[in-house]
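With CSV, C-alpha atoms and all ligand atoms inside, this is entry15.csv:
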```csv
chain,number,residue,atom,x,y,z
T,1,MET,CA,115.6,121.2,93.3
T,2,MET,CA,116.1,122.6,89.7
T,3,VAL,CA,114.7,119.3,88.3
T,4,LEU,CA,111.7,119.6,90.7
T,5,CYS,CA,111.0,123.3,89.6
T,6,ALA,CA,111.3,122.3,85.9
T,7,LEU,CA,108.9,119.4,86.5
T,8,ARG,CA,106.5,121.7,88.4
T,9,ARG,CA,106.5,124.1,85.4
T,10,GLN,CA,106.0,121.3,83.0
T,11,LEU,CA,103.1,119.8,84.9
T,12,LEU,CA,101.4,123.2,85.5
T,13,SER,CA,101.9,124.3,81.9
T,14,ARG,CA,100.0,121.3,80.8
T,15,SER,CA,97.3,122.2,83.2
T,16,ASN,CA,97.9,118.7,84.6
T,17,CYS,CA,96.9,119.6,88.1
T,18,GLY,CA,95.8,116.1,88.8
T,19,ALA,CA,99.3,114.7,88.1
T,20,TRP,CA,100.9,117.4,90.2
T,21,ALA,CA,98.6,116.8,93.1
T,22,ARG,CA,99.3,113.0,92.9
T,23,LEU,CA,103.1,113.8,92.8
T,24,LEU,CA,102.9,116.0,95.8
T,25,GLN,CA,100.7,113.5,97.7
T,26,ARG,CA,103.2,110.7,96.9
T,27,GLN,CA,106.1,112.8,98.1
T,28,SER,CA,104.3,113.8,101.3
T,29,ARG,CA,103.5,110.1,101.9
T,30,GLY,CA,107.2,109.5,102.2
T,31,CYS,CA,107.9,107.6,99.0
T,32,VAL,CA,111.5,107.2,98.0
T,33,TYR,CA,110.9,107.3,94.2
T,34,SER,CA,108.6,109.5,92.3
T,35,ILE,CA,108.2,110.7,88.7
T,36,THR,CA,111.4,112.8,89.2
T,37,HIS,CA,113.3,109.5,89.4
T,38,GLY,CA,111.8,108.1,86.2
T,39,PHE,CA,109.4,106.0,88.3
T,40,ASN,CA,106.0,105.5,86.8
T,41,GLN,CA,103.8,103.9,89.5
T,42,ASP,CA,100.9,103.2,87.2
T,43,GLU,CA,103.0,101.5,84.6
T,44,ILE,CA,104.6,99.1,87.1
T,45,ARG,CA,101.3,98.4,88.8
T,46,GLU,CA,99.9,97.2,85.5
T,47,LYS,CA,102.9,95.0,84.9
T,48,LEU,CA,102.7,93.5,88.4
T,49,GLN,CA,99.0,92.8,88.0
T,50,ALA,CA,99.9,90.4,85.1
T,51,PHE,CA,101.2,88.0,87.8
T,52,PRO,CA,98.1,87.2,89.9
T,53,GLY,CA,97.6,84.9,92.9
T,54,GLY,CA,97.0,85.2,96.6
T,55,SER,CA,96.0,88.4,98.4
T,56,ILE,CA,97.1,90.8,101.2
T,57,ASP,CA,94.2,91.1,103.6
T,58,LEU,CA,93.6,93.9,106.0
T,59,LEU,CA,91.5,93.5,109.2
T,60,LYS,CA,90.7,96.8,110.9
T,61,GLN,CA,89.6,96.2,114.5
T,62,GLU,CA,87.6,98.6,116.7
T,63,SER,CA,90.5,98.5,119.2
T,64,GLY,CA,92.6,100.5,116.7
T,65,ILE,CA,94.8,97.5,116.0
T,66,ALA,CA,95.0,96.3,112.4
T,67,VAL,CA,96.0,92.8,111.2
T,68,LEU,CA,97.7,92.5,107.8
T,69,THR,CA,97.8,88.9,106.4
T,70,ILE,CA,100.0,87.7,103.6
T,71,ASN,CA,97.8,85.1,102.0
T,72,ASN,CA,99.1,82.7,99.4
T,73,PRO,CA,99.3,79.4,101.3
T,74,ALA,CA,99.7,77.2,98.2
T,75,ARG,CA,103.1,79.0,97.6
T,76,MET,CA,104.1,79.4,101.2
T,77,ASN,CA,102.8,83.0,101.1
T,78,ALA,CA,105.2,84.0,98.3
T,79,PHE,CA,104.5,87.5,96.9
T,80,SER,CA,102.8,87.4,93.5
T,81,GLY,CA,102.8,90.6,91.4
T,82,SER,CA,99.1,91.3,92.3
T,83,MET,CA,100.0,90.9,96.0
T,84,MET,CA,102.6,93.6,95.7
T,85,VAL,CA,99.9,95.9,94.3
T,86,ASP,CA,97.5,94.7,97.1
T,87,LEU,CA,100.1,95.6,99.7
T,88,GLU,CA,100.5,99.1,98.3
T,89,GLU,CA,96.7,99.5,98.5
T,90,ARG,CA,96.5,98.2,102.1
T,91,VAL,CA,99.2,100.7,103.1
T,92,SER,CA,97.2,103.5,101.6
T,93,GLN,CA,94.2,102.3,103.6
T,94,LEU,CA,96.3,102.4,106.8
T,95,GLU,CA,97.6,105.9,105.9
T,96,SER,CA,93.9,107.0,105.8
T,97,TRP,CA,92.9,105.3,109.1
T,98,THR,CA,93.7,108.1,111.5
T,99,ASP,CA,92.6,106.2,114.6
T,100,CYS,CA,94.9,103.3,114.0
T,101,LYS,CA,97.4,102.7,116.8
T,102,GLY,CA,99.0,99.3,116.0
T,103,LEU,CA,99.6,96.8,113.3
T,104,ILE,CA,100.4,93.1,113.3
T,105,VAL,CA,101.8,91.7,110.0
T,106,GLN,CA,101.5,88.0,109.7
T,107,GLY,CA,101.4,85.2,107.2
T,108,SER,CA,98.5,82.8,106.7
T,109,SER,CA,98.5,79.1,107.6
T,110,GLY,CA,101.3,79.1,110.1
T,111,THR,CA,104.1,80.5,108.0
T,112,PHE,CA,105.2,84.0,107.3
T,113,CYS,CA,106.4,84.5,103.6
T,114,SER,CA,108.7,82.7,101.2
T,115,GLY,CA,109.7,85.9,99.4
T,116,SER,CA,108.9,86.8,95.8
T,117,ASP,CA,106.9,84.4,93.8
T,118,LEU,CA,109.6,82.6,91.8
T,119,ASN,CA,107.3,82.2,88.8
T,120,ALA,CA,106.9,86.0,88.6
T,121,VAL,CA,110.6,86.5,89.2
T,122,ARG,CA,111.5,84.3,86.3
T,123,ALA,CA,109.0,86.2,84.0
T,124,ILE,CA,110.4,89.6,84.9
T,125,SER,CA,114.1,88.7,85.3
T,126,ASN,CA,115.2,91.5,82.9
T,127,PRO,CA,117.1,94.3,84.7
T,128,GLN,CA,114.6,97.1,83.7
T,129,ASP,CA,111.5,95.3,85.1
T,130,GLY,CA,113.5,94.1,88.2
T,131,MET,CA,114.5,97.8,88.9
T,132,LYS,CA,110.9,98.9,88.6
T,133,MET,CA,109.6,96.2,90.9
T,134,CYS,CA,112.4,97.0,93.4
T,135,MET,CA,111.4,100.7,93.4
T,136,PHE,CA,107.7,99.9,93.8
T,137,MET,CA,108.4,97.6,96.8
T,138,GLN,CA,110.9,100.1,98.3
T,139,ASN,CA,108.2,102.8,98.1
T,140,THR,CA,105.6,100.6,99.7
T,141,LEU,CA,107.7,99.2,102.5
T,142,THR,CA,109.1,102.7,103.3
T,143,ARG,CA,105.5,104.0,103.6
T,144,LEU,CA,104.7,100.9,105.8
T,145,LEU,CA,107.6,101.7,108.1
T,146,ARG,CA,106.7,105.4,108.3
T,147,LEU,CA,103.1,104.8,109.3
T,148,PRO,CA,102.3,106.7,112.4
T,149,LEU,CA,101.5,103.6,114.4
T,150,ILE,CA,103.4,100.8,116.1
T,151,SER,CA,103.9,97.7,114.0
T,152,VAL,CA,105.1,94.2,114.7
T,153,ALA,CA,105.8,91.3,112.4
T,154,LEU,CA,104.6,88.0,113.8
T,155,VAL,CA,107.0,85.4,112.3
T,156,GLU,CA,105.7,81.9,112.3
T,157,GLY,CA,107.3,79.2,110.1
T,158,ARG,CA,109.7,80.9,107.7
T,159,ALA,CA,110.4,84.4,106.5
T,160,LEU,CA,112.7,84.0,103.4
T,161,GLY,CA,114.1,86.5,100.9
T,162,GLY,CA,111.6,89.3,100.4
T,163,GLY,CA,109.7,87.9,103.5
T,164,ALA,CA,112.8,88.6,105.6
T,165,GLU,CA,112.9,92.1,104.0
T,166,LEU,CA,109.3,92.7,104.9
T,167,ILE,CA,109.8,92.1,108.6
T,168,THR,CA,112.5,94.8,108.7
T,169,ALA,CA,109.8,97.3,107.6
T,170,CYS,CA,108.0,96.8,110.9
T,171,ASP,CA,108.9,98.5,114.2
T,172,PHE,CA,109.2,95.2,116.1
T,173,ARG,CA,109.6,91.4,115.3
T,174,LEU,CA,108.2,88.6,117.3
T,175,MET,CA,109.4,85.0,116.5
T,176,ALA,CA,107.3,82.0,117.3
T,177,SER,CA,109.2,79.0,118.6
T,178,GLY,CA,110.6,77.0,115.6
T,179,SER,CA,110.4,79.9,113.2
T,180,GLU,CA,113.3,81.0,111.0
T,181,ILE,CA,114.3,84.2,109.3
T,182,GLN,CA,116.7,83.9,106.4
T,183,PHE,CA,118.0,86.4,103.9
T,184,VAL,CA,118.5,83.8,101.2
T,185,HIS,CA,119.3,86.4,98.5
T,186,LYS,CA,122.9,85.3,98.1
T,187,HIS,CA,121.8,81.8,97.3
T,188,MET,CA,119.7,83.3,94.6
T,189,GLY,CA,122.6,85.3,93.2
T,190,LEU,CA,121.0,88.5,94.6
T,191,VAL,CA,121.1,91.1,97.3
T,192,PRO,CA,118.1,92.5,99.0
T,193,GLY,CA,116.3,95.1,96.8
T,194,TRP,CA,113.2,96.0,98.8
T,195,GLY,CA,115.2,98.1,101.2
T,196,GLY,CA,115.9,95.1,103.4
T,197,ALA,CA,119.7,95.6,103.6
T,198,ALA,CA,119.5,99.3,104.6
T,199,ARG,CA,116.9,98.6,107.3
T,200,LEU,CA,118.7,95.5,108.5
T,201,VAL,CA,121.9,97.5,109.1
T,202,ARG,CA,119.9,100.0,111.2
T,203,ILE,CA,118.3,97.2,113.2
T,204,VAL,CA,121.2,94.9,114.0
T,205,GLY,CA,124.3,96.9,112.9
T,206,SER,CA,126.6,96.4,110.0
T,207,GLN,CA,128.6,93.5,111.5
T,208,HIS,CA,125.6,91.3,112.1
T,209,ALA,CA,124.0,92.4,108.8
T,210,LEU,CA,127.1,91.4,106.9
T,211,LYS,CA,127.1,88.0,108.5
T,212,LEU,CA,123.3,87.5,107.9
T,213,LEU,CA,123.5,88.6,104.2
T,214,GLY,CA,127.0,87.3,103.4
T,215,GLY,CA,126.4,83.9,104.9
T,216,ALA,CA,122.6,83.7,104.2
T,217,LEU,CA,122.4,82.6,107.8
T,218,LYS,CA,119.3,81.0,109.3
T,219,VAL,CA,118.2,83.1,112.2
T,220,GLU,CA,116.3,81.0,114.8
T,221,PRO,CA,114.6,82.8,117.8
T,222,GLU,CA,117.6,82.5,120.1
T,223,LEU,CA,120.0,84.1,117.6
T,224,GLY,CA,117.3,86.6,116.7
T,225,LEU,CA,117.1,87.8,120.3
T,226,GLN,CA,120.8,87.8,120.7
T,227,ILE,CA,121.5,90.1,117.8
T,228,GLY,CA,118.4,92.3,118.2
T,229,LEU,CA,116.6,91.1,115.1
T,230,ALA,CA,113.8,89.7,117.3
T,231,ASP,CA,112.2,91.7,120.1
T,232,GLY,CA,110.5,88.7,121.6
T,233,VAL,CA,109.9,85.0,121.3
T,234,LEU,CA,106.5,83.4,121.6
T,235,GLU,CA,106.4,80.0,123.2
T,236,ALA,CA,103.6,77.7,122.1
T,237,GLU,CA,100.7,78.1,124.5
T,238,GLU,CA,97.6,75.9,124.7
T,239,ASP,CA,95.1,78.6,125.4
T,240,ALA,CA,96.5,81.5,123.2
T,241,LEU,CA,97.1,81.5,119.5
T,242,PRO,CA,100.2,83.3,118.3
T,243,LEU,CA,98.1,86.2,116.9
T,244,GLN,CA,96.5,86.7,120.3
T,245,GLN,CA,99.9,86.5,122.0
T,246,ALA,CA,101.2,89.1,119.5
T,247,GLU,CA,98.2,91.4,120.3
T,248,ASP,CA,98.9,91.0,124.0
T,249,TRP,CA,102.6,91.8,123.5
T,250,LEU,CA,101.8,94.9,121.4
T,251,SER,CA,99.2,96.2,123.8
T,252,ARG,CA,101.9,97.5,126.2
T,253,TYR,CA,102.9,100.0,123.5
T,254,THR,CA,99.5,100.8,122.1
T,255,LYS,CA,97.5,101.3,125.3
T,256,GLY,CA,96.3,104.9,125.5
T,257,ALA,CA,94.9,107.6,123.2
T,258,ALA,CA,95.5,107.2,119.5
T,259,PRO,CA,96.9,110.7,119.0
T,260,VAL,CA,99.5,110.1,121.7
T,261,ILE,CA,100.6,106.7,120.4
T,262,ARG,CA,100.8,108.1,116.9
T,263,ALA,CA,102.8,111.1,118.2
T,264,VAL,CA,105.3,108.7,119.9
T,265,LYS,CA,105.9,107.0,116.6
T,266,LYS,CA,106.3,110.3,114.7
T,267,VAL,CA,109.0,111.6,117.1
T,268,VAL,CA,110.9,108.3,117.1
T,269,LEU,CA,110.7,108.2,113.3
T,270,SER,CA,112.0,111.7,112.8
T,271,GLY,CA,114.8,111.1,115.4
T,272,ARG,CA,115.8,108.0,113.3
T,273,GLU,CA,115.5,109.5,109.9
T,274,LEU,CA,116.2,113.2,110.0
T,275,PRO,CA,119.3,115.3,110.8
T,276,LEU,CA,119.2,116.5,114.4
T,277,SER,CA,118.0,120.1,113.7
T,278,ASP,CA,115.2,118.9,111.5
T,279,ALA,CA,114.3,116.1,114.1
T,280,LEU,CA,114.1,118.7,116.9
T,281,ARG,CA,111.9,121.0,114.8
T,282,THR,CA,109.6,118.0,114.0
T,283,GLU,CA,109.5,117.0,117.7
T,284,LYS,CA,108.4,120.5,118.6
T,285,ASP,CA,105.7,120.4,116.0
T,286,VAL,CA,104.5,117.0,117.1
T,287,PHE,CA,104.6,118.1,120.7
T,288,GLY,CA,102.3,120.9,119.8
T,289,THR,CA,99.7,118.4,118.6
T,290,VAL,CA,99.4,116.7,122.0
T,291,TRP,CA,100.1,119.6,124.5
T,292,GLY,CA,96.8,120.7,125.9
T,293,GLY,CA,95.0,117.9,124.1
T,294,PRO,CA,92.3,115.7,125.6
T,295,ALA,CA,94.7,113.0,126.9
T,296,ASN,CA,97.1,115.6,128.4
T,297,LEU,CA,94.2,117.5,130.1
T,298,GLN,CA,92.7,114.3,131.4
T,299,ALA,CA,96.1,113.2,132.8
T,300,LEU,CA,96.6,116.6,134.5
T,301,ALA,CA,93.2,116.5,136.1
T,302,SER,CA,93.8,113.1,137.6
T,303,LYS,CA,96.9,114.3,139.5
T,304,PRO,CA,99.0,111.2,138.6
T,305,LYS,CA,101.8,109.7,140.7
T,306,HIS,CA,104.2,107.7,138.5
T,307,LYS,CA,105.2,105.0,141.1
Q,401,LIG,C1,113.1,89.5,96.9
Q,401,LIG,C2,114.0,88.3,96.6
Q,401,LIG,C3,113.3,87.0,96.9
Q,401,LIG,O1,112.4,86.9,97.7
Q,401,LIG,S1,113.8,85.6,96.0
Q,401,LIG,C4,112.7,84.3,96.5
Q,401,LIG,C5,113.3,83.7,97.7
Q,401,LIG,N1,112.5,82.5,98.2
Q,401,LIG,C6,112.8,81.3,97.8
Q,401,LIG,O2,113.7,81.0,97.1
Q,401,LIG,C7,111.9,80.3,98.4
Q,401,LIG,C8,112.0,78.9,97.7
Q,401,LIG,N2,111.2,77.9,98.4
Q,401,LIG,C9,111.7,77.2,99.4
Q,401,LIG,O3,112.9,77.3,99.8
Q,401,LIG,C10,110.8,76.2,99.9
Q,401,LIG,O4,109.6,76.0,99.1
Q,401,LIG,C11,110.3,76.5,101.4
Q,401,LIG,C12,109.7,77.9,101.4
Q,401,LIG,C13,111.4,76.4,102.4
Q,401,LIG,C14,109.2,75.5,101.8
Q,401,LIG,O5,109.6,74.2,101.7
Q,401,LIG,P1,108.6,73.0,101.9
Q,401,LIG,O6,108.0,73.2,103.2
Q,401,LIG,O7,109.4,71.8,101.6
Q,401,LIG,O8,107.5,73.3,100.8
Q,401,LIG,P2,107.6,73.2,99.2
Q,401,LIG,O9,108.9,73.5,98.8
Q,401,LIG,O10,107.0,71.9,98.8
Q,401,LIG,O11,106.6,74.4,98.9
Q,401,LIG,C15,105.2,74.3,98.8
Q,401,LIG,C16,104.8,74.9,97.5
Q,401,LIG,O12,105.1,76.3,97.6
Q,401,LIG,C17,105.8,76.7,96.4
Q,401,LIG,N3,106.7,77.8,96.8
Q,401,LIG,C18,107.5,78.0,97.9
Q,401,LIG,N4,108.1,79.1,97.9
Q,401,LIG,C19,107.8,79.7,96.7
Q,401,LIG,C20,108.2,80.9,96.1
Q,401,LIG,N5,109.0,81.8,96.7
Q,401,LIG,N6,107.7,81.2,94.9
Q,401,LIG,C21,106.8,80.4,94.2
Q,401,LIG,N7,106.4,79.2,94.8
Q,401,LIG,C22,106.9,78.9,96.0
Q,401,LIG,C23,106.6,75.5,96.1
Q,401,LIG,O13,107.1,75.5,94.7
Q,401,LIG,C24,105.6,74.4,96.3
Q,401,LIG,O14,104.7,74.4,95.2
Q,401,LIG,P3,104.2,73.0,94.5
Q,401,LIG,O15,103.4,72.3,95.7
Q,401,LIG,O16,105.4,72.3,94.1
Q,401,LIG,O17,103.3,73.5,93.4
```
Structure translated into structure tokens:
Amino acid sequence: MMVLCALRRQLLSRSNCGAWARLLQRQSRGCVYSITHGFNQDEIREKLQAFPGGSIDLLKQESGIAVLTINNPARMNAFSGSMMVDLEERVSQLESWTDCKGLIVQGSSGTFCSGSDLNAVRAISNPQDGMKMCMFMQNTLTRLLRLPLISVALVEGRALGGGAELITACDFRLMASGSEIQFVHKHMGLVPGWGGAARLVRIVGSQHALKLLGGALKVEPELGLQIGLADGVLEAEEDALPLQQAEDWLSRYTKGAAPVIRAVKKVVLSGRELPLSDALRTEKDVFGTVWGGPANLQALASKPKHK
């Protein structure tokens, strides 16, 4: 708190209101690291941009469902530096899209993501740059997970390393038949650094997480379902592509008015992340945004029977 006050004084004394506004905005967006942690987002963005290749594409559909595609097929959708920057920008766009209810995260060309681009990793293998990249990706993936919408990772082919970490930043995971998730970090002399370990423990529990990370185990759909890493398995169908199947699966959670769906995510998120008293207060505040709202009044007028 003292550090924050000192920083506030420093920024205001320099009449640097722009920087202060950006800091506040970043904190309110739910970033883990800010200037107070010695994290300079603009500096690392510039560094990452020096490793180009591929893209992260966002499709915003009228239905309120967005599709985010990891697109670097020549490298099995590995994350180049510029794709990390792209992802941060796409998350910002999703934060601004207030009618969005759902998000599907997929890889292009039938595979999910092979983790960090090893060429970029080799070039920034010094500890300082590694830490900066790690903080940048933790911030982005934390913001992705905290989006007030319901997200699902559609895993086709392979999700390796950072690709496996990315799927833990979605609310749900669907595995296509024949797909594999593998935290290969141990084989690379690493542990997850994009927040994947912390999130994995919350999804599957510490026993399963220890096995998956300690053994760098391959998770196929059956094991995924068994340990709760996968929420569903998509069987190959002649008349429905995996993306369509994922949209159909997600629709049971995203059907209804956007403010209500977004409120659902907010109360679950606060229940998961906040101490009970804070979560209860947040729940009260979120409740206040839907009570007496259009969807609530419409439901009351229709005299529903929940059979
Ligand atoms: C955050 C920590 C991390 O994410 S560390 C990175 C962890 N990921 C890895 O180590 C993945 C290494 N790659 C592999 O194991 C294989 O390439 C996998 C993904 C299984 C695919 O095998 P396979 O189907 O035989 O294809 P392939 O090896 O011929 O690959 C096709 C081209 O893609 C490339 N590629 C693949 N993964 C990456 C990567 N992570 N970074 C950079 N390039 C990658 C391959 O090098 C290959 O390229 P090229 O055709 O030889 O030019």
**Message:** Can you pull out the residues contacting Ala246 (chain T)? Cut-off 12 Å, using all atoms listed in the file, and skip same-chain residues under 5 positions away; I want them as a PyMOL selection string.
**Reply:** chain T and resi 65-67+102-106+151-156+172-176+231-236+240-241+251-253
**Prompt:** Within 7 Å of ligand LIG 401 (chain Q), counting all atoms listed in the file, which protein or nucleic acid residues do you find, written as number ranges by chain?
**Reply:** T: 74-76, 78, 114-119, 158, 160-163, 184-185, 188, 192-194
Expected file contents, prior selection, C-alpha atoms, as a compact mmCIF listing (two decimals), keeping the file's coordinate frame:
```txt
# COMPACT_ATOMS: atom_id res chain seq x y z
CA ALA T 74 99.70 77.20 98.20
CA ARG T 75 103.10 79.00 97.60
CA MET T 76 104.10 79.40 101.20
CA ALA T 78 105.20 84.00 98.30
CA SER T 114 108.70 82.70 101.20
CA GLY T 115 109.70 85.90 99.40
CA SER T 116 108.90 86.80 95.80
CA ASP T 117 106.90 84.40 93.80
CA LEU T 118 109.60 82.60 91.80
CA ASN T 119 107.30 82.20 88.80
CA ARG T 158 109.70 80.90 107.70
CA LEU T 160 112.70 84.00 103.40
CA GLY T 161 114.10 86.50 100.90
CA GLY T 162 111.60 89.30 100.40
CA GLY T 163 109.70 87.90 103.50
CA VAL T 184 118.50 83.80 101.20
CA HIS T 185 119.30 86.40 98.50
CA MET T 188 119.70 83.30 94.60
CA PRO T 192 118.10 92.50 99.00
CA GLY T 193 116.30 95.10 96.80
CA TRP T 194 113.20 96.00 98.80
```
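For the atom pair formed by CA of Gly271 (chain T) and CA of Glu95 (chain T), the distance is 20.3 Å, given to one decimal.
When only C-alpha atoms are used to measure the gap to Ala197 (chain T), the shortest distance among T:Ser109, T:Ile124, T:Leu225, T:Gln138 belongs to T:Gln138.
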**Asked** Out of T:Ala209, T:Ala123, T:Leu59, T:Val286, which residue has the shortest atom-to-atom distance to Gly224 (chain T) when counting all atoms listed in the file?
**Response** T:Ala209
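Between Gln41 (chain T) and the candidates T:Lys132, T:Lys218, T:Lys60, T:Lys265, the tightest atom-to-atom separation, counting all atoms listed in the file, involves T:Lys132.
For the pair CA of Ser108 (chain T) and CA of Pro73 (chain T), the separation is 6.4 Å.
The neighbours of Arg199 (chain T) here are the residues that come within 12 Å of it, using all atoms listed in the file and leaving out any residue fewer than 4 positions away in the same chain; they are Gln138, Leu141, Thr142, Leu145, Ala164, Glu165, Leu166, Ile167, Thr168, Ala169, Cys170, Asp171, Pro192, Gly193, Trp194, Gly195, Ile203, Val204, Gly205, Ser206, Ala209, Leu229, Arg272 and Glu273 of chain T.
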**Counting only C-alpha atoms, the option among T:Glu46, T:Glu237, T:Asp99, T:Glu89 closest to Glu62 (chain T)** = T:Asp99
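Distances here use only C-alpha atoms; by that measure, the residue among T:Phe136, T:Phe287, T:Trp97, T:Phe112 closest to Val85 (chain T) is T:Phe136.
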**Request:** List the neighbours of Gly107 (chain T) out to 7 Å using all atoms listed in the file; skip same-chain residues closer than 6 positions along the sequence, and give me the result as a PyMOL selection string.
**Result:** chain T and resi 69-71+77+113
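The coordinates place CA of Glu283 (chain T) at 8.8 Å from CA of Val268 (chain T).
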**Request:** Counting only C-alpha atoms, figure out which residue out of T:Leu144, T:Ala257, T:Leu48, T:Val219 gets nearest to Leu68 (chain T).
**Result:** T:Leu144
Centre, x/y/z edge lengths, axis-aligned box for region 175-180 of chain T with 4 Å per side, as AutoDock Vina command-line options:
```
--center_x 110.3 --center_y 81.0 --center_z 114.8 --size_x 14.0 --size_y 16.0 --size_z 15.6
```
